[in-house]
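Text of query.txt (compact mmCIF, C-alpha atoms and all ligand atoms) as supplied:
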```
# COMPACT_ATOMS: atom_id res chain seq x y z
CA MET O 251 45.60 -54.85 75.84
CA GLU O 252 44.84 -54.65 79.59
CA LEU O 253 46.56 -51.88 81.57
CA ALA O 254 47.62 -51.95 85.27
CA THR O 255 44.53 -49.89 86.15
CA GLY O 256 42.32 -52.66 84.76
CA ARG O 257 41.22 -50.45 81.88
CA LYS O 258 41.66 -51.47 78.28
CA MET O 259 44.03 -49.52 76.02
CA GLU O 260 41.18 -48.99 73.52
CA GLU O 261 39.09 -47.27 76.23
CA ILE O 262 41.80 -44.70 76.83
CA PHE O 263 42.66 -44.29 73.18
CA HIS O 264 39.12 -43.70 72.07
CA LEU O 265 40.02 -41.33 69.28
CA ALA O 266 37.78 -38.50 68.10
CA ASP O 267 35.48 -39.13 65.14
CA ARG O 268 37.25 -36.45 63.10
CA VAL O 269 40.46 -38.50 63.23
CA ASN O 270 38.71 -41.81 62.67
CA ARG O 271 37.07 -40.39 59.53
CA ILE O 272 40.42 -40.04 57.78
CA SER O 273 43.16 -42.48 56.83
CA VAL O 274 46.93 -42.38 56.61
CA SER O 275 48.07 -41.78 53.06
CA GLN O 276 48.21 -45.11 51.23
CA THR O 277 50.87 -43.76 48.90
CA MET O 278 53.23 -44.13 51.80
CA VAL O 279 53.07 -47.93 52.01
CA VAL O 280 55.21 -48.75 48.95
CA LEU O 281 57.39 -45.70 49.52
CA GLN O 282 58.20 -46.75 53.08
CA GLU O 283 59.22 -50.16 51.81
CA ALA O 284 61.44 -48.42 49.21
CA GLU O 285 63.06 -46.40 52.01
CA ARG O 286 63.67 -49.60 53.98
CA LEU O 287 65.40 -51.21 50.99
CA LYS O 288 67.52 -48.10 50.37
CA ALA O 289 68.59 -48.09 54.01
CA GLN O 290 69.83 -51.67 53.46
CA GLY O 291 71.98 -50.42 50.60
CA VAL O 292 69.72 -51.70 47.80
CA ASP O 293 69.98 -49.68 44.57
CA VAL O 294 66.35 -48.54 44.18
CA ALA O 295 65.21 -46.69 41.04
CA ASP O 296 62.91 -44.37 42.92
CA PHE O 297 60.02 -42.86 40.97
CA GLY O 298 58.01 -42.27 44.14
CA PRO O 299 58.79 -38.79 45.43
CA GLY O 300 56.32 -36.01 44.70
CA GLU O 301 59.00 -33.39 45.19
CA PRO O 302 61.68 -31.71 43.09
CA ASP O 303 65.13 -33.31 43.15
CA PHE O 304 66.69 -29.83 42.80
CA PRO O 305 68.03 -27.84 45.74
CA THR O 306 66.28 -24.63 46.79
CA PRO O 307 67.75 -21.77 44.68
CA GLU O 308 70.71 -19.93 46.25
CA HIS O 309 69.08 -16.48 46.51
CA ILE O 310 66.24 -17.99 48.54
CA LYS O 311 68.58 -19.80 50.91
CA ARG O 312 70.67 -16.65 51.36
CA ALA O 313 67.58 -14.64 52.30
CA ALA O 314 66.81 -17.19 55.03
CA ILE O 315 70.36 -17.02 56.39
CA LYS O 316 70.16 -13.21 56.42
CA ALA O 317 66.80 -13.32 58.23
CA LEU O 318 68.32 -15.57 60.85
CA GLU O 319 71.31 -13.30 61.29
CA GLU O 320 68.96 -10.33 61.66
CA ASN O 321 67.06 -12.23 64.35
CA ARG O 322 63.77 -12.39 62.46
CA THR O 323 62.85 -15.14 64.86
CA LYS O 324 59.76 -13.70 66.56
CA TYR O 325 56.06 -14.23 66.04
CA THR O 326 54.75 -12.47 62.96
CA SER O 327 51.22 -11.49 62.02
CA VAL O 328 49.06 -14.62 61.70
CA PHE O 329 48.36 -13.53 58.10
CA GLY O 330 52.10 -13.42 57.31
CA ILE O 331 54.43 -10.42 57.14
CA ALA O 332 53.04 -7.46 55.17
CA PRO O 333 55.81 -7.36 52.51
CA LEU O 334 55.28 -11.04 51.73
CA ARG O 335 51.51 -10.64 51.30
CA GLN O 336 52.19 -7.72 48.96
CA ALA O 337 54.89 -9.66 47.09
CA ILE O 338 52.62 -12.68 46.58
CA CYS O 339 49.90 -10.44 45.12
CA ASP O 340 52.46 -8.73 42.85
CA TRP O 341 54.00 -12.04 41.74
CA HIS O 342 50.62 -13.62 41.06
CA ALA O 343 49.56 -10.56 39.05
CA ALA O 344 52.79 -10.52 37.01
CA GLN O 345 53.01 -14.28 36.47
CA LEU O 346 49.37 -15.29 36.23
CA GLY O 347 47.41 -12.10 35.51
CA SER O 348 45.34 -11.74 38.69
CA SER O 349 44.62 -8.56 40.66
CA TYR O 350 44.62 -9.29 44.40
CA GLN O 351 45.26 -6.86 47.26
CA PRO O 352 47.26 -7.89 50.37
CA ALA O 353 44.00 -7.97 52.40
CA GLU O 354 42.94 -10.83 50.10
CA CYS O 355 46.06 -12.87 50.87
CA VAL O 356 46.94 -15.08 53.83
CA VAL O 357 50.15 -17.06 54.11
CA ASN O 358 50.05 -20.68 55.32
CA THR O 359 52.36 -23.51 56.32
CA GLY O 360 52.33 -25.12 52.86
CA GLY O 361 49.77 -25.56 50.12
CA LYS O 362 48.18 -28.48 51.95
CA HIS O 363 47.61 -26.24 54.96
CA ALA O 364 46.09 -23.61 52.65
CA ILE O 365 43.61 -26.17 51.28
CA PHE O 366 42.94 -27.72 54.69
CA ASN O 367 42.14 -24.39 56.35
CA THR O 368 40.00 -23.20 53.45
CA VAL O 369 37.94 -26.38 53.48
CA CYS O 370 37.59 -26.20 57.28
CA ALA O 371 36.48 -22.57 56.98
CA LEU O 372 33.76 -23.27 54.39
CA VAL O 373 32.53 -26.85 54.57
CA ASN O 374 29.84 -27.86 57.04
CA SER O 375 28.85 -31.34 58.04
CA GLY O 376 27.10 -33.02 55.09
CA ASP O 377 28.25 -30.46 52.52
CA GLU O 378 29.45 -31.90 49.24
CA VAL O 379 32.74 -31.04 47.59
CA ILE O 380 33.31 -32.06 43.99
CA ILE O 381 36.73 -33.38 42.98
CA GLY O 382 37.88 -34.85 39.69
CA ALA O 383 39.40 -38.34 39.68
CA PRO O 384 42.29 -39.12 39.54
CA TYR O 385 42.72 -36.76 42.49
CA TRP O 386 45.53 -35.80 44.81
CA VAL O 387 45.32 -38.32 47.66
CA SER O 388 44.78 -35.70 50.37
CA TYR O 389 41.60 -34.15 48.95
CA PRO O 390 39.06 -36.77 50.09
CA ASP O 391 40.53 -36.93 53.58
CA ILE O 392 40.66 -33.17 54.04
CA ILE O 393 37.00 -32.97 52.97
CA LYS O 394 36.03 -35.82 55.30
CA TYR O 395 37.94 -34.28 58.18
CA ALA O 396 35.79 -31.16 57.81
CA GLY O 397 32.68 -33.36 57.90
CA GLY O 398 32.01 -32.96 54.19
CA LYS O 399 31.39 -35.55 51.52
CA PRO O 400 33.75 -35.91 48.54
CA VAL O 401 31.82 -36.29 45.29
CA VAL O 402 34.05 -37.75 42.62
CA VAL O 403 33.74 -36.86 38.94
CA PRO O 404 35.75 -39.19 36.72
CA THR O 405 38.04 -38.00 33.97
CA HIS O 406 39.34 -40.22 31.19
CA ALA O 407 42.75 -41.16 29.78
CA GLU O 408 41.37 -40.89 26.20
CA ASP O 409 40.55 -37.25 27.03
CA GLU O 410 43.96 -36.69 28.69
CA PHE O 411 42.23 -36.73 32.10
CA ILE O 412 40.78 -33.25 31.57
CA LEU O 413 38.04 -32.28 34.02
CA ARG O 414 35.04 -31.18 31.96
CA ALA O 415 32.58 -28.46 33.01
CA ALA O 416 29.59 -30.47 31.80
CA GLU O 417 30.55 -33.40 34.06
CA VAL O 418 31.09 -31.06 37.00
CA GLU O 419 27.67 -29.52 36.49
CA LYS O 420 25.98 -32.95 36.46
CA ALA O 421 27.46 -33.67 39.90
CA ILE O 422 26.19 -30.47 41.53
CA THR O 423 23.36 -30.86 44.04
CA PRO O 424 21.79 -28.43 46.53
CA ARG O 425 24.39 -29.65 49.04
CA THR O 426 27.40 -28.77 46.86
CA ARG O 427 29.59 -26.18 48.51
CA MET O 428 32.75 -26.29 46.46
CA VAL O 429 34.44 -27.63 43.35
CA MET O 430 38.11 -28.38 43.87
CA VAL O 431 40.30 -28.27 40.78
CA ASN O 432 43.95 -29.16 40.37
CA SER O 433 45.63 -28.18 37.10
CA PRO O 434 48.36 -29.21 36.33
CA ASN O 435 47.22 -32.33 38.07
CA ASN O 436 48.84 -34.71 40.48
CA PRO O 437 48.90 -37.64 39.57
CA THR O 438 48.02 -37.37 35.85
CA GLY O 439 49.85 -34.22 34.74
CA ALA O 440 46.58 -33.14 33.06
CA VAL O 441 46.20 -29.45 32.28
CA ILE O 442 42.69 -28.08 31.89
CA PRO O 443 42.63 -25.80 28.80
CA PRO O 444 41.83 -22.20 29.82
CA ASP O 445 38.49 -22.17 27.94
CA GLU O 446 37.33 -25.34 29.73
CA PHE O 447 38.49 -23.91 33.06
CA ALA O 448 36.46 -20.76 32.34
CA LYS O 449 33.42 -22.97 31.69
CA ILE O 450 33.91 -24.65 35.08
CA LEU O 451 34.00 -21.18 36.63
CA GLU O 452 30.77 -20.25 34.83
CA VAL O 453 29.09 -23.38 36.23
CA CYS O 454 30.29 -22.51 39.74
CA LYS O 455 29.00 -18.94 39.42
CA ARG O 456 25.64 -20.02 38.05
CA ARG O 457 25.18 -22.70 40.71
CA HIS O 458 26.57 -20.54 43.54
CA VAL O 459 29.39 -22.82 44.59
CA TRP O 460 33.01 -21.98 45.37
CA LEU O 461 35.76 -22.87 42.91
CA LEU O 462 38.98 -23.78 44.71
CA SER O 463 41.93 -23.91 42.35
CA ASP O 464 45.04 -25.73 43.59
CA GLU O 465 47.90 -24.09 41.68
CA CYS O 466 50.68 -26.12 43.25
CA TYR O 467 52.21 -27.07 39.84
CA SER O 468 51.24 -23.88 37.97
CA HIS O 469 54.69 -23.21 36.54
CA PHE O 470 55.44 -26.70 35.28
CA THR O 471 53.69 -26.88 31.92
CA TYR O 472 54.95 -28.23 28.58
CA GLY O 473 54.45 -27.61 24.88
CA ASP O 474 51.48 -25.36 24.17
CA ALA O 475 50.26 -25.43 27.77
CA LYS O 476 51.20 -22.27 29.66
CA PRO O 477 50.92 -21.25 33.33
CA PHE O 478 47.33 -20.14 33.84
CA SER O 479 45.24 -18.97 36.77
CA ILE O 480 41.47 -18.93 36.72
CA ALA O 481 41.80 -15.75 38.84
CA SER O 482 42.92 -13.94 35.67
CA VAL O 483 39.44 -14.31 34.15
CA PRO O 484 37.39 -11.13 34.59
CA GLY O 485 34.71 -11.55 37.25
CA ALA O 486 36.31 -14.69 38.72
CA LYS O 487 37.45 -13.35 42.05
CA GLU O 488 34.25 -13.45 44.06
CA HIS O 489 33.71 -17.17 43.44
CA THR O 490 37.31 -18.26 43.38
CA ILE O 491 39.84 -19.40 45.96
CA ILE O 492 43.47 -19.80 44.90
CA ALA O 493 45.60 -22.21 46.91
CA GLY O 494 49.27 -21.64 46.12
CA SER O 495 52.45 -23.40 47.19
CA PHE O 496 56.16 -22.61 47.12
CA SER O 497 57.03 -26.31 47.42
CA LYS O 498 57.34 -27.36 43.79
CA THR O 499 57.87 -24.07 41.92
CA PHE O 500 60.86 -23.09 44.07
CA ALA O 501 61.96 -26.56 45.23
CA MET O 502 60.99 -25.68 48.82
CA THR O 503 59.00 -28.70 50.02
CA GLY O 504 60.64 -28.83 53.45
CA TRP O 505 60.26 -25.13 54.16
CA ARG O 506 56.45 -25.34 54.34
CA MET O 507 55.06 -22.27 52.65
CA GLY O 508 51.80 -21.68 50.83
CA TYR O 509 49.10 -19.05 50.48
CA VAL O 510 45.42 -18.44 49.93
CA LEU O 511 44.15 -15.69 47.62
CA ALA O 512 40.42 -15.18 48.11
CA PRO O 513 37.76 -12.63 49.07
CA LYS O 514 38.70 -10.89 52.33
CA PRO O 515 36.03 -12.49 54.58
CA LEU O 516 37.37 -15.93 53.68
CA VAL O 517 40.99 -14.85 54.12
CA ASP O 518 40.03 -13.50 57.56
CA ALA O 519 38.34 -16.80 58.44
CA VAL O 520 41.45 -18.79 57.44
CA ALA O 521 43.61 -16.46 59.57
CA LYS O 522 41.18 -16.87 62.47
CA LEU O 523 41.60 -20.64 62.24
CA GLN O 524 45.38 -20.27 62.11
CA SER O 525 45.31 -17.90 65.08
CA GLN O 526 43.92 -20.75 67.21
CA SER O 527 46.03 -23.52 65.74
CA THR O 528 49.37 -23.02 63.97
CA SER O 529 49.70 -19.21 64.38
CA ASN O 530 52.00 -17.60 61.81
CA PRO O 531 53.99 -19.75 59.37
CA ASN O 532 57.71 -20.00 60.23
CA SER O 533 59.21 -16.49 60.25
CA ILE O 534 62.51 -17.41 58.53
CA THR O 535 60.62 -19.27 55.80
CA GLN O 536 58.54 -16.15 55.20
CA TYR O 537 61.68 -14.12 54.44
CA ALA O 538 62.94 -16.88 52.15
CA ALA O 539 59.56 -16.85 50.38
CA LEU O 540 59.79 -13.08 50.01
CA ALA O 541 63.09 -13.54 48.13
CA ALA O 542 61.42 -16.18 45.93
CA MET O 543 58.58 -13.80 45.04
CA ARG O 544 60.83 -10.80 44.41
CA GLY O 545 63.75 -12.65 42.79
CA SER O 546 64.50 -13.92 39.32
CA MET O 547 62.45 -16.78 37.87
CA ASP O 548 65.48 -18.11 35.98
CA THR O 549 65.95 -21.08 38.32
CA VAL O 550 62.33 -22.10 37.73
CA ALA O 551 62.94 -21.97 33.96
CA THR O 552 66.06 -24.14 34.38
CA MET O 553 64.13 -26.75 36.37
CA LEU O 554 61.31 -26.69 33.83
CA ALA O 555 63.71 -27.27 30.93
CA GLU O 556 65.17 -30.30 32.71
CA TYR O 557 61.71 -31.70 33.55
CA ALA O 558 60.73 -31.26 29.90
CA ARG O 559 63.72 -33.36 28.76
CA ARG O 560 62.95 -36.08 31.27
CA ARG O 561 59.28 -36.12 30.34
CA GLU O 562 60.11 -36.79 26.68
CA SER O 563 62.43 -39.60 27.65
CA ILE O 564 60.13 -41.34 30.07
CA LEU O 565 57.09 -41.07 27.81
CA ALA O 566 58.97 -42.56 24.89
CA GLY O 567 60.44 -45.31 27.09
CA LEU O 568 57.10 -46.29 28.61
CA ARG O 569 55.21 -46.23 25.34
CA ALA O 570 57.76 -48.61 23.87
CA ILE O 571 56.80 -51.25 26.45
CA PRO O 572 54.10 -53.56 25.04
CA GLY O 573 50.81 -53.39 26.92
CA ILE O 574 51.46 -50.00 28.54
CA THR O 575 49.42 -47.02 27.47
CA CYS O 576 50.05 -43.51 28.69
CA ALA O 577 48.10 -40.27 28.20
CA THR O 578 50.29 -37.27 27.40
CA PRO O 579 50.81 -35.23 30.56
CA ARG O 580 50.89 -31.48 29.80
CA GLY O 581 52.16 -30.40 33.21
CA ALA O 582 53.53 -31.23 36.68
CA PHE O 583 56.29 -33.91 36.85
CA TYR O 584 54.33 -37.16 36.71
CA VAL O 585 53.31 -39.71 34.11
CA PHE O 586 50.36 -41.95 34.83
CA PRO O 587 50.45 -45.06 32.64
CA ASN O 588 47.79 -47.73 32.53
CA VAL O 589 49.37 -51.08 33.38
CA SER O 590 46.22 -53.19 33.64
CA ALA O 591 47.17 -55.27 30.57
CA HIS O 592 49.88 -56.80 32.75
CA PHE O 593 47.63 -57.91 35.59
CA ASN O 594 47.88 -61.61 36.38
CA LYS O 595 47.35 -63.99 39.28
CA GLN O 596 50.44 -62.81 41.09
CA MET O 597 49.66 -59.13 40.63
CA PRO O 598 45.91 -58.73 40.12
CA ASP O 599 45.87 -54.94 40.46
CA ASP O 600 48.02 -51.81 40.46
CA VAL O 601 48.95 -52.25 44.12
CA GLY O 602 50.24 -55.70 43.20
CA VAL O 603 52.21 -54.29 40.26
CA ALA O 604 53.84 -51.64 42.49
CA LYS O 605 54.74 -54.28 45.10
CA GLN O 606 56.18 -56.70 42.54
CA LEU O 607 58.09 -53.96 40.73
CA LEU O 608 59.74 -53.03 43.99
CA GLU O 609 60.37 -56.58 45.09
CA ARG O 610 61.69 -57.98 41.83
CA GLU O 611 63.32 -54.99 40.12
CA HIS O 612 63.75 -52.48 42.95
CA VAL O 613 61.71 -49.87 41.10
CA ALA O 614 59.51 -47.69 43.33
CA VAL O 615 56.26 -46.29 41.89
CA VAL O 616 52.96 -45.34 43.52
CA PRO O 617 49.84 -47.41 42.73
CA GLY O 618 46.91 -45.52 41.18
CA GLU O 619 44.27 -46.85 43.56
CA PRO O 620 44.74 -44.21 46.31
CA PHE O 621 44.39 -41.53 43.62
CA GLY O 622 41.01 -42.95 42.69
CA ALA O 623 42.43 -44.51 39.50
CA PRO O 624 42.94 -48.26 39.75
CA GLY O 625 44.81 -49.83 36.85
CA HIS O 626 47.45 -47.10 36.77
CA ILE O 627 50.75 -46.35 38.43
CA ARG O 628 52.21 -42.92 39.13
CA ILE O 629 55.77 -42.35 38.05
CA SER O 630 57.49 -39.17 39.19
CA TYR O 631 60.25 -37.91 36.91
CA ALA O 632 61.63 -35.60 39.56
CA THR O 633 64.75 -37.73 39.44
CA SER O 634 67.89 -37.67 37.29
CA MET O 635 67.99 -38.72 33.64
CA GLU O 636 70.43 -41.47 34.60
CA ARG O 637 67.96 -42.93 37.14
CA ILE O 638 65.14 -42.61 34.60
CA GLN O 639 67.09 -44.66 32.04
CA GLU O 640 67.99 -47.25 34.66
CA GLY O 641 64.37 -47.48 35.86
CA LEU O 642 63.06 -47.77 32.30
CA SER O 643 65.40 -50.64 31.52
CA ARG O 644 64.26 -52.45 34.67
CA MET O 645 60.61 -51.84 33.77
CA ARG O 646 61.17 -53.16 30.25
CA ARG O 647 62.59 -56.35 31.75
CA PHE O 648 59.80 -56.59 34.33
CA PHE O 649 56.85 -56.05 31.98
CA GLY O 650 58.56 -58.09 29.28
CA SER O 651 58.63 -61.11 31.57
CA ALA O 652 55.28 -60.41 33.27
CA ALA O 653 53.27 -60.11 30.06
N1 LIG T 701 48.43 -29.90 45.94
C1 LIG T 701 48.93 -30.92 45.24
C2 LIG T 701 48.18 -31.37 44.04
C3 LIG T 701 50.10 -31.56 45.63
O1 LIG T 701 50.59 -32.57 44.90
C4 LIG T 701 50.76 -31.11 46.79
C5 LIG T 701 51.97 -31.80 47.26
O2 LIG T 701 52.34 -32.86 46.84
C6 LIG T 701 50.20 -30.03 47.49
C7 LIG T 701 49.04 -29.45 47.04
C8 LIG T 701 50.77 -29.50 48.75
O3 LIG T 701 52.07 -29.12 48.76
P1 LIG T 701 52.71 -28.39 50.00
O4 LIG T 701 51.86 -28.61 51.21
O5 LIG T 701 54.06 -28.98 50.13
O6 LIG T 701 52.75 -26.93 49.63
```
Now, as a test, write the supplied structure out as structure tokens.
Amino acid sequence: MELATGRKMEEIFHLADRVNRISVSQTMVVLQEAERLKAQGVDVADFGPGEPDFPTPEHIKRAAIKALEENRTKYTSVFGIAPLRQAICDWHAAQLGSSYQPAECVVNTGGKHAIFNTVCALVNSGDEVIIGAPYWVSYPDIIKYAGGKPVVVPTHAEDEFILRAAEVEKAITPRTRMVMVNSPNNPTGAVIPPDEFAKILEVCKRRHVWLLSDECYSHFTYGDAKPFSIASVPGAKEHTIIAGSFSKTFAMTGWRMGYVLAPKPLVDAVAKLQSQSTSNPNSITQYAALAAMRGSMDTVATMLAEYARRRESILAGLRAIPGITCATPRGAFYVFPNVSAHFNKQMPDDVGVAKQLLEREHVAVVPGEPFGAPGHIRISYATSMERIQEGLSRMRRFFGSAA
């Protein structure tokens, strides 16, 4: 497009390489279409959202209101307020068996921010970062933004998508800087058994690479799987970075609150980055987070019990549909079935399945391709049992006729 000055639009909007290296989340495409349909009054069975359908617990909301009334509306330390850093260390110790000091804790504007700043603080141009596939969609782009190279290690449905230490080790090269692990996993719900996780840590120690553990879904585990932090393993701390989030555990996605637990020099580097970019996380949110850390965990247990019920229901419903196979998710609030048996001319891949499902049955799911797992779809059960039953009946009809 030509402008009045005679210059072309593209000349002015010559964006920086660091922005051109990354892409807008592809998960959004189907979800935006679902939003459009909903706005038109269409009854969409929405399995898209990666966020709890529960409200933030009352005691947390009340703490925010109190903070506002007490005018806690000023800048805080870039690291976060001192009582919150202490409370996060205490909570993590009590819940997950670690032993961090407040100097090893920095508070961020969400778990994504925690991961982003950590990667920016450690990864140089050309450095490799190992991630397991299926991966959370943001990992490759965060790594690329920092100038690094994502190195993808596949996991397998037959092995419940568990990331294996031996596979991680095979992918390590002299350029490897970090291994990024997410357990419970988005999108598969996979939980790495503690002994396998400890083996991954051993590999990282032996090969002198950082282990970044994304604990976003730590408290949503089912059956024998229990909340676990690699930071609880003796000797882990000096190689380990914990990225934590309040979003899912306390149903606080919109509040934007996360943290990094790591050796002090790294925590200081993350704070330095924040000091020149976002500054402190929202002050009111910090007081709400303090109430979450110091308050009862009963609301988390209530949410977990409801997720557990929904998980049973959706797994049984999906497995009853011919041609759909689904590994058992041990955590998070997603199921990740393989739908490739239903591919045909009209829908040759998972993106096609997601589009057709939305178009024909008004069921919103996320295709597996952006998670590095073509052939699958991600179904979030952070929605009511009634919507789950409705969605399942539509999927039965859809796959019944598409087969
Ligand atoms: N890590 C994983 C695996 C996630 O799924 C998410 C959110 O969906 C996050 C981190 C970041 O969450 P937030 O930035 O809301 O704390």
Residues near Ala591 (chain O), anyone? I mean within 7 Å using all atoms listed in the file, not counting same-chain ones fewer than 2 positions away, as a PDB file with C-alpha atoms, in the frame of the given file.
```pdb
ATOM      1  CA  GLY O 573      50.810 -53.390  26.920  1.00  0.00           C
ATOM      2  CA  VAL O 589      49.370 -51.080  33.380  1.00  0.00           C
ATOM      3  CA  PHE O 593      47.630 -57.910  35.590  1.00  0.00           C
TER       4      PHE O 593
END
```
Counting all atoms listed in the file, which residues in chain O sit no more than 10 Å from ligand LIG 701 (chain T)? For each one, give the nearest pair of atoms and the distance in Å, sorted by chain then residue number, as JSON lines.
```
{"residue": "O:Pro299", "atom": "CA", "partner": "T:LIG701", "partner_atom": "O2", "distance": 8.9}
{"residue": "O:Gly300", "atom": "CA", "partner": "T:LIG701", "partner_atom": "O2", "distance": 5.5}
{"residue": "O:Glu301", "atom": "CA", "partner": "T:LIG701", "partner_atom": "O2", "distance": 6.9}
{"residue": "O:Asn358", "atom": "CA", "partner": "T:LIG701", "partner_atom": "O6", "distance": 8.9}
{"residue": "O:Thr359", "atom": "CA", "partner": "T:LIG701", "partner_atom": "O4", "distance": 7.2}
{"residue": "O:Gly360", "atom": "CA", "partner": "T:LIG701", "partner_atom": "O6", "distance": 3.7}
{"residue": "O:Gly361", "atom": "CA", "partner": "T:LIG701", "partner_atom": "O6", "distance": 3.3}
{"residue": "O:Lys362", "atom": "CA", "partner": "T:LIG701", "partner_atom": "O4", "distance": 3.8}
{"residue": "O:His363", "atom": "CA", "partner": "T:LIG701", "partner_atom": "O4", "distance": 6.1}
{"residue": "O:Ala364", "atom": "CA", "partner": "T:LIG701", "partner_atom": "O4", "distance": 7.8}
{"residue": "O:Ile365", "atom": "CA", "partner": "T:LIG701", "partner_atom": "C7", "distance": 7.6}
{"residue": "O:Phe366", "atom": "CA", "partner": "T:LIG701", "partner_atom": "O4", "distance": 9.6}
{"residue": "O:Tyr385", "atom": "CA", "partner": "T:LIG701", "partner_atom": "C2", "distance": 7.8}
{"residue": "O:Trp386", "atom": "CA", "partner": "T:LIG701", "partner_atom": "C2", "distance": 5.2}
{"residue": "O:Val387", "atom": "CA", "partner": "T:LIG701", "partner_atom": "O1", "distance": 8.3}
{"residue": "O:Ser388", "atom": "CA", "partner": "T:LIG701", "partner_atom": "C1", "distance": 8.1}
{"residue": "O:Tyr389", "atom": "CA", "partner": "T:LIG701", "partner_atom": "N1", "distance": 8.6}
{"residue": "O:Val431", "atom": "CA", "partner": "T:LIG701", "partner_atom": "C2", "distance": 9.1}
{"residue": "O:Asn432", "atom": "CA", "partner": "T:LIG701", "partner_atom": "C2", "distance": 6.0}
{"residue": "O:Ser433", "atom": "CA", "partner": "T:LIG701", "partner_atom": "C2", "distance": 8.1}
{"residue": "O:Pro434", "atom": "CA", "partner": "T:LIG701", "partner_atom": "C2", "distance": 8.0}
{"residue": "O:Asn435", "atom": "CA", "partner": "T:LIG701", "partner_atom": "C2", "distance": 6.1}
{"residue": "O:Asn436", "atom": "CA", "partner": "T:LIG701", "partner_atom": "C2", "distance": 4.9}
{"residue": "O:Pro437", "atom": "CA", "partner": "T:LIG701", "partner_atom": "O1", "distance": 7.5}
{"residue": "O:Gly439", "atom": "CA", "partner": "T:LIG701", "partner_atom": "C2", "distance": 9.9}
{"residue": "O:Ser463", "atom": "CA", "partner": "T:LIG701", "partner_atom": "N1", "distance": 9.5}
{"residue": "O:Asp464", "atom": "CA", "partner": "T:LIG701", "partner_atom": "N1", "distance": 5.9}
{"residue": "O:Glu465", "atom": "CA", "partner": "T:LIG701", "partner_atom": "N1", "distance": 7.2}
{"residue": "O:Cys466", "atom": "CA", "partner": "T:LIG701", "partner_atom": "N1", "distance": 5.2}
{"residue": "O:Tyr467", "atom": "CA", "partner": "T:LIG701", "partner_atom": "C2", "distance": 7.2}
{"residue": "O:Ala493", "atom": "CA", "partner": "T:LIG701", "partner_atom": "C7", "distance": 8.0}
{"residue": "O:Gly494", "atom": "CA", "partner": "T:LIG701", "partner_atom": "O6", "distance": 7.2}
{"residue": "O:Ser495", "atom": "CA", "partner": "T:LIG701", "partner_atom": "O6", "distance": 4.3}
{"residue": "O:Phe496", "atom": "CA", "partner": "T:LIG701", "partner_atom": "O6", "distance": 6.0}
{"residue": "O:Ser497", "atom": "CA", "partner": "T:LIG701", "partner_atom": "O5", "distance": 4.8}
{"residue": "O:Lys498", "atom": "CA", "partner": "T:LIG701", "partner_atom": "O5", "distance": 7.3}
{"residue": "O:Thr499", "atom": "CA", "partner": "T:LIG701", "partner_atom": "O6", "distance": 9.7}
{"residue": "O:Ala501", "atom": "CA", "partner": "T:LIG701", "partner_atom": "O5", "distance": 9.6}
{"residue": "O:Met502", "atom": "CA", "partner": "T:LIG701", "partner_atom": "O5", "distance": 7.8}
{"residue": "O:Thr503", "atom": "CA", "partner": "T:LIG701", "partner_atom": "O5", "distance": 4.9}
{"residue": "O:Gly504", "atom": "CA", "partner": "T:LIG701", "partner_atom": "O5", "distance": 7.4}
{"residue": "O:Trp505", "atom": "CA", "partner": "T:LIG701", "partner_atom": "O5", "distance": 8.3}
{"residue": "O:Arg506", "atom": "CA", "partner": "T:LIG701", "partner_atom": "O5", "distance": 6.1}
{"residue": "O:Met507", "atom": "CA", "partner": "T:LIG701", "partner_atom": "O6", "distance": 6.0}
{"residue": "O:Gly508", "atom": "CA", "partner": "T:LIG701", "partner_atom": "O6", "distance": 5.5}
{"residue": "O:Tyr509", "atom": "CA", "partner": "T:LIG701", "partner_atom": "O6", "distance": 8.7}
{"residue": "O:Ala582", "atom": "CA", "partner": "T:LIG701", "partner_atom": "O1", "distance": 8.8}
{"residue": "O:Phe583", "atom": "CA", "partner": "T:LIG701", "partner_atom": "O1", "distance": 10.0}
```
Taking 3 positions as the minimum chain separation for residues in the same chain, which residues sit within 8 Å of Ile564 (chain O) when counting all atoms listed in the file? Answer as a count of residues only. 8
Could you make a table, as CSV, of the residues of region 469-534 of chain O that have an atom within 9 Å of an atom of region 450-461 of chain O, each with its nearest atom pair and distance in Å to one decimal, counting all atoms listed in the file, in chain and number order?
```
residue,atom,partner,partner_atom,distance
O:Ile480,CA,O:Leu451,CA,7.8
O:Ala486,CA,O:Leu451,CA,7.2
O:Glu488,CA,O:Trp460,CA,8.7
O:His489,CA,O:Trp460,CA,5.2
O:Thr490,CA,O:Leu461,CA,4.9
O:Ile491,CA,O:Leu461,CA,6.2
O:Ile492,CA,O:Leu461,CA,8.5
```
Print the selection's residues with C-alpha atoms to a file, as a JSON list (two decimals), in the frame of the given file.
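Output contents, as saved in result15.json:
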```json
[["chain", "number", "residue", "atom", "x", "y", "z"],
["O", 480, "ILE", "CA", 41.47, -18.93, 36.72],
["O", 486, "ALA", "CA", 36.31, -14.69, 38.72],
["O", 488, "GLU", "CA", 34.25, -13.45, 44.06],
["O", 489, "HIS", "CA", 33.71, -17.17, 43.44],
["O", 490, "THR", "CA", 37.31, -18.26, 43.38],
["O", 491, "ILE", "CA", 39.84, -19.40, 45.96],
["O", 492, "ILE", "CA", 43.47, -19.80, 44.90]]
```
Using only C-alpha atoms, which of the listed residues (O:Gly330, O:Gly622, O:Pro579, O:Gly641) sits closest to Asp600 (chain O)?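 Selected residue with least distance to Asp600 (chain O): O:Gly622.
Among the candidates O:Ser634, O:Asn374, O:Thr368, O:Thr535, the one nearest to Ala317 (chain O) when counting all atoms listed in the file is O:Thr535.
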